[in-house]
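Asker: Input file: model04.pdb. Contents: PDB, C-alpha atoms.
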ATOM      1  CA  MET R   1     131.427 103.967 115.423
ATOM      2  CA  ILE R   2     130.820 103.479 119.150
ATOM      3  CA  GLU R   3     133.835 105.647 119.922
ATOM      4  CA  PHE R   4     132.421 108.427 117.741
ATOM      5  CA  ALA R   5     129.043 108.241 119.475
ATOM      6  CA  GLU R   6     130.732 108.409 122.870
ATOM      7  CA  ALA R   7     132.982 111.304 121.843
ATOM      8  CA  PHE R   8     130.249 113.274 120.058
ATOM      9  CA  PRO R   9     126.860 112.215 121.464
ATOM     10  CA  GLN R  10     125.116 115.248 120.008
ATOM     11  CA  TYR R  11     126.020 114.154 116.468
ATOM     12  CA  ALA R  12     124.956 110.585 117.155
ATOM     13  CA  PHE R  13     121.656 112.066 118.361
ATOM     14  CA  LEU R  14     121.323 114.024 115.088
ATOM     15  CA  VAL R  15     121.812 110.819 113.097
ATOM     16  CA  TYR R  16     119.171 109.136 115.252
ATOM     17  CA  VAL R  17     116.743 112.044 114.709
ATOM     18  CA  ALA R  18     117.369 111.943 110.951
ATOM     19  CA  ILE R  19     116.634 108.208 110.787
ATOM     20  CA  MET R  20     113.535 108.526 112.976
ATOM     21  CA  SER R  21     112.318 111.481 110.910
ATOM     22  CA  LEU R  22     112.615 109.443 107.719
ATOM     23  CA  ILE R  23     110.713 106.539 109.297
ATOM     24  CA  THR R  24     108.011 108.895 110.627
ATOM     25  CA  PHE R  25     107.694 110.702 107.289
ATOM     26  CA  MET R  26     107.181 107.369 105.549
ATOM     27  CA  ALA R  27     104.636 106.297 108.184
ATOM     28  CA  TYR R  28     102.555 109.435 107.554
ATOM     29  CA  GLY R  29     102.739 108.834 103.799
ATOM     30  CA  ILE R  30     101.730 105.199 104.111
ATOM     31  CA  ASP R  31      98.849 106.097 106.427
ATOM     32  CA  LYS R  32      97.605 108.760 104.007
ATOM     33  CA  LYS R  33      97.731 106.275 101.141
ATOM     34  CA  LYS R  34      95.764 103.767 103.214
ATOM     35  CA  ALA R  35      93.240 106.460 104.166
ATOM     36  CA  ILE R  36      92.602 107.248 100.515
ATOM     37  CA  ALA R  37      92.242 103.551  99.668
ATOM     38  CA  GLY R  38      89.923 102.923 102.625
ATOM     39  CA  GLU R  39      92.299 100.341 104.092
ATOM     40  CA  TRP R  40      93.367  99.560 107.654
ATOM     41  CA  ARG R  41      95.073 102.599 109.193
ATOM     42  CA  THR R  42      98.024 103.279 111.452
ATOM     43  CA  LYS R  43      96.932 104.195 114.980
ATOM     44  CA  GLU R  44      97.244 107.867 115.864
ATOM     45  CA  LYS R  45      99.178 106.854 118.994
ATOM     46  CA  THR R  46     101.765 105.204 116.756
ATOM     47  CA  LEU R  47     102.213 108.275 114.564
ATOM     48  CA  LEU R  48     102.475 110.575 117.580
ATOM     49  CA  GLY R  49     104.813 108.150 119.352
ATOM     50  CA  LEU R  50     107.149 108.116 116.356
ATOM     51  CA  SER R  51     107.214 111.905 116.444
ATOM     52  CA  LEU R  52     108.034 111.975 120.153
ATOM     53  CA  ALA R  53     110.667 109.265 119.729
ATOM     54  CA  GLY R  54     112.738 111.468 117.441
ATOM     55  CA  GLY R  55     110.760 111.799 114.238
ATOM     56  CA  ALA R  56     108.973 115.119 114.767
ATOM     57  CA  ILE R  57     110.608 116.808 111.788
ATOM     58  CA  GLY R  58     109.477 113.952 109.558
ATOM     59  CA  GLY R  59     106.053 114.113 111.173
ATOM     60  CA  LEU R  60     105.626 117.795 110.356
ATOM     61  CA  LEU R  61     106.951 117.322 106.832
ATOM     62  CA  GLY R  62     104.591 114.384 106.352
ATOM     63  CA  MET R  63     101.647 116.383 107.630
ATOM     64  CA  LYS R  64     102.375 119.241 105.263
ATOM     65  CA  LEU R  65     103.434 117.284 102.170
ATOM     66  CA  PHE R  66     100.731 114.621 102.354
ATOM     67  CA  ARG R  67      98.122 116.977 103.867
ATOM     68  CA  HIS R  68      97.547 114.365 106.506
ATOM     69  CA  LYS R  69      96.259 114.914 110.052
ATOM     70  CA  THR R  70      96.464 118.687 109.557
ATOM     71  CA  LYS R  71      92.980 119.285 111.004
ATOM     72  CA  HIS R  72      93.912 117.624 114.300
ATOM     73  CA  SER R  73      95.409 120.324 116.503
ATOM     74  CA  TYR R  74      96.991 117.787 118.842
ATOM     75  CA  PHE R  75      99.181 116.529 115.986
ATOM     76  CA  TRP R  76     100.557 120.043 115.526
ATOM     77  CA  VAL R  77     101.066 120.483 119.276
ATOM     78  CA  VAL R  78     102.808 117.138 119.770
ATOM     79  CA  ASN R  79     105.094 117.588 116.762
ATOM     80  CA  TYR R  80     106.147 121.126 117.679
ATOM     81  CA  PHE R  81     106.606 120.114 121.329
ATOM     82  CA  ALA R  82     108.737 117.159 120.242
ATOM     83  CA  ILE R  83     110.926 119.385 118.053
ATOM     84  CA  ALA R  84     111.497 121.714 121.008
ATOM     85  CA  LEU R  85     112.306 118.701 123.192
ATOM     86  CA  HIS R  86     114.782 117.365 120.636
ATOM     87  CA  ILE R  87     116.498 120.762 120.415
ATOM     88  CA  VAL R  88     116.838 120.860 124.204
ATOM     89  CA  LEU R  89     118.273 117.325 124.210
ATOM     90  CA  PHE R  90     120.766 118.238 121.484
ATOM     91  CA  ILE R  91     121.947 121.304 123.410
ATOM     92  CA  TRP R  92     122.194 119.284 126.611
ATOM     93  CA  LEU R  93     124.298 116.634 124.880
ATOM     94  CA  ALA R  94     126.477 119.285 123.217
ATOM     95  CA  LYS R  95     127.215 120.765 126.648
ATOM     96  CA  GLY R  96     128.439 117.446 127.980
ATOM     97  CA  GLY R  97     125.290 115.787 129.261
ATOM     98  CA  SER R  98     124.966 112.054 128.932
ATOM     99  CA  PHE R  99     122.246 109.446 129.225
TER     100      PHE R  99
END
In structure tokens, what does this structure look like?

Answerer:
Amino acid sequence: MIEFAEAFPQYAFLVYVAIMSLITFMAYGIDKKKAIAGEWRTKEKTLLGLSLAGGAIGGLLGMKLFRHKTKHSYFWVVNYFAIALHIVLFIWLAKGGSF
């Protein structure tokens, strides 16, 4: 597996983004459920950090599907910015860049 990641870092990055998106999507869903129940909530910094760390697609899907944090413009801005950042990173890796 390490050899694959070294040979094709852009695909390893896609796997990472997919996993982070799933985690972020679930975090938005859990936070929405807690909001409805009036329970302790996930910090906004945590949700936004997950989006920036690779889970922006899951963040946007969670916002739309769960109708959660949609009135906060900074959630939209951060998630769309993070998607653009992740696209740039993917292209950079595909062209031979490395970390």

Asker: Quick check, in Å to one decimal: how far apart do CA of Lys69 (chain R) and CA of Tyr28 (chain R) lie?

Answerer: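 Between CA of Lys69 (chain R) and CA of Tyr28 (chain R) the gap works out to 8.7 Å.
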
Asker: What does the structure give for the distance between CA of Phe90 (chain R) and CA of Ala27 (chain R), in Å to one decimal?

Answerer: 24.1 Å

Asker: Just the residues within 12 Å of Thr46 (chain R), please, counting all atoms listed in the file, with nothing from its chain fewer than 2 positions along; format it as a ChimeraX atom specification.

Answerer: /R:23-24,27-28,31,41-44,48-53,55,59,75

Asker: Do you know which residues are at most 8 Å from region 83-88 of chain R counting all atoms listed in the file, after dropping those on the same chain fewer than 2 positions away, and could you put them as an NGL selection string?

Answerer: :R and (54 or 56-57 or 79-81 or 90-92)

Asker: For a test of reading the model, state the distance in Å between CA of Leu89 (chain R) and CA of Lys71 (chain R), rounded to one decimal.

Answerer: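 Spanning CA of Leu89 (chain R) to CA of Lys71 (chain R) is a straight-line distance of 28.6 Å.
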
Asker: First collect every listed atom of region 63-82 of chain R; then fit an axis-aligned box around them, widen it by 3 Å on each side, and give centre and edge lengths in Å to one decimal, as JSON.

Answerer:
{"center_x": 100.9, "center_y": 117.7, "center_z": 111.7, "size_x": 21.8, "size_y": 12.8, "size_z": 25.2}

Asker: Show me, as a PyMOL selection string, the residues that have an atom within 6 Å of Gly58 (chain R) when counting only C-alpha atoms, minus same-chain residues fewer than 5 positions from it.

Answerer: chain R and resi 21-22+24-25

Asker: From the list R:Ala82, R:Leu93, R:Tyr11, R:Lys32, which residue is nearest Arg67 (chain R) when using only C-alpha atoms?

Answerer: R:Lys32
